Amino acid sequence: MDLTKTDLTDKEFKAELTQCFKNINYLFEKEIILFGDVQLLLDTTTVYRLARELASKMYGRDLVTMSVSITLLNAVFVLIKRKATDEARKVLNATCQLNFQPMIY
């Protein structure tokens with residue numbers, strides 16, 4: 001949809017995808033990566049809610065993984081693209097408060 005401006009998914013698929021995230025109490029690495037990969041398929045409200053939820057669950061942790069930062073920054077871009085700039089700003093502000101793990105080469 002991002003490149004063609006044509007949504008190739010149907011409502012049932014989007015509903016199933018959204019349902020995958022509805023009752024998640026713990027976001028494990030695979031759920032974080034999945035959320036980061038499918039944000040353009042989810043509605044704006046779901047992207048915002050899940051991004052804020054992820055940021056709040058990561059707040060106060062000693063170290064936050066790079067996959068979390070990538071997922072949250074991707075959410076910011078998705079929200080900006082959809083002209084939800086207030087929501088994007090809130091997610092970005094929450095992201096900036098996290099203690100990210102430095103990359104070691």
# chains A, B, ... in the order shown; residues from 1 in each chain; ligands from 1

$ residues_around --residues "stretch 32-49 of chain A" --least-positions-apart "3" --cutoff "9 Å" --atoms "only C-alpha atoms" --output "PyMOL selection string"
chain A and resi 1-2+7+9+14-15+17-18+21+27-29+52-54+67-68+70-76+78-79+82+84+87-88+91

$ residues_around --residues "stretch 58-64 of chain A" --least-positions-apart "6" --cutoff "10 Å" --atoms "only C-alpha atoms" --output "ChimeraX atom specification"
/A:27,52,94-95,97-102

$ atom_distance --atom1 "atom CA of A:Asp86" --atom2 "atom CA of A:Ser69"
19.0 Å

$ select_by_dssp --residues "stretch 6-93 of chain A" --states "alpha helix (DSSP H)" --output "ChimeraX atom specification"
/A:11-22,29-38,44-58,66-81,85-93

$ decode --residues "stretch 53-76 of chain A" --atoms "N, CA, C and O atoms" --output "CSV table (one decimal), in the first residue's frame"
chain,number,residue,atom,x,y,z
A,53,GLU,N,1.9,1.7,24.3
A,53,GLU,CA,2.0,0.6,25.2
A,53,GLU,C,3.4,0.0,25.3
A,53,GLU,O,3.9,-0.3,26.4
A,54,LEU,N,4.0,-0.2,24.1
A,54,LEU,CA,5.4,-0.7,24.1
A,54,LEU,C,6.3,0.2,24.8
A,54,LEU,O,7.1,-0.2,25.6
A,55,ALA,N,6.2,1.5,24.5
A,55,ALA,CA,7.1,2.5,25.2
A,55,ALA,C,6.9,2.5,26.7
A,55,ALA,O,7.9,2.5,27.5
A,56,SER,N,5.7,2.4,27.2
A,56,SER,CA,5.4,2.4,28.6
A,56,SER,C,5.9,1.1,29.3
A,56,SER,O,6.4,1.2,30.4
A,57,LYS,N,5.9,0.0,28.6
A,57,LYS,CA,6.4,-1.2,29.2
A,57,LYS,C,7.9,-1.3,29.2
A,57,LYS,O,8.5,-1.9,30.0
A,58,MET,N,8.5,-0.5,28.3
A,58,MET,CA,10.0,-0.4,28.3
A,58,MET,C,10.6,0.6,29.2
A,58,MET,O,11.7,0.6,29.6
A,59,TYR,N,9.7,1.6,29.6
A,59,TYR,CA,10.2,2.7,30.5
A,59,TYR,C,10.7,2.2,31.8
A,59,TYR,O,10.1,1.3,32.4
A,60,GLY,N,11.8,2.7,32.2
A,60,GLY,CA,12.4,2.3,33.5
A,60,GLY,C,13.3,1.0,33.4
A,60,GLY,O,13.9,0.7,34.4
A,61,ARG,N,13.3,0.4,32.3
A,61,ARG,CA,14.2,-0.8,32.2
A,61,ARG,C,15.6,-0.3,32.0
A,61,ARG,O,15.9,0.8,31.5
A,62,ASP,N,16.6,-1.1,32.5
A,62,ASP,CA,18.0,-0.7,32.4
A,62,ASP,C,18.4,-0.5,31.0
A,62,ASP,O,19.1,0.4,30.7
A,63,LEU,N,18.1,-1.5,30.1
A,63,LEU,CA,18.5,-1.4,28.7
A,63,LEU,C,17.3,-1.8,27.8
A,63,LEU,O,16.6,-2.8,28.1
A,64,VAL,N,17.2,-1.1,26.7
A,64,VAL,CA,16.1,-1.4,25.8
A,64,VAL,C,16.8,-1.8,24.5
A,64,VAL,O,17.7,-1.1,24.0
A,65,THR,N,16.3,-2.9,23.8
A,65,THR,CA,17.0,-3.4,22.6
A,65,THR,C,16.7,-2.5,21.4
A,65,THR,O,15.8,-1.6,21.4
A,66,MET,N,17.6,-2.6,20.4
A,66,MET,CA,17.5,-1.8,19.2
A,66,MET,C,16.2,-2.1,18.5
A,66,MET,O,15.6,-1.3,17.8
A,67,SER,N,15.7,-3.4,18.6
A,67,SER,CA,14.4,-3.7,17.9
A,67,SER,C,13.3,-2.9,18.4
A,67,SER,O,12.4,-2.5,17.7
A,68,VAL,N,13.3,-2.6,19.7
A,68,VAL,CA,12.3,-1.7,20.3
A,68,VAL,C,12.4,-0.3,19.7
A,68,VAL,O,11.4,0.3,19.3
A,69,SER,N,13.6,0.2,19.6
A,69,SER,CA,13.7,1.6,19.1
A,69,SER,C,13.3,1.7,17.6
A,69,SER,O,12.7,2.6,17.2
A,70,ILE,N,13.7,0.7,16.8
A,70,ILE,CA,13.3,0.6,15.4
A,70,ILE,C,11.8,0.6,15.3
A,70,ILE,O,11.2,1.3,14.5
A,71,THR,N,11.2,-0.3,16.1
A,71,THR,CA,9.7,-0.4,16.0
A,71,THR,C,9.0,0.9,16.4
A,71,THR,O,8.1,1.3,15.7
A,72,LEU,N,9.5,1.5,17.4
A,72,LEU,CA,8.9,2.8,17.9
A,72,LEU,C,9.1,3.9,16.9
A,72,LEU,O,8.2,4.7,16.6
A,73,LEU,N,10.3,4.0,16.3
A,73,LEU,CA,10.6,5.0,15.3
A,73,LEU,C,9.8,4.8,14.0
A,73,LEU,O,9.3,5.7,13.4
A,74,ASN,N,9.6,3.5,13.7
A,74,ASN,CA,8.8,3.2,12.5
A,74,ASN,C,7.3,3.6,12.8
A,74,ASN,O,6.7,4.1,11.9
A,75,ALA,N,6.8,3.4,14.0
A,75,ALA,CA,5.5,3.9,14.4
A,75,ALA,C,5.4,5.4,14.2
A,75,ALA,O,4.4,5.9,13.7
A,76,VAL,N,6.4,6.1,14.6
A,76,VAL,CA,6.4,7.6,14.4
A,76,VAL,C,6.3,7.9,13.0
A,76,VAL,O,5.4,8.8,12.6
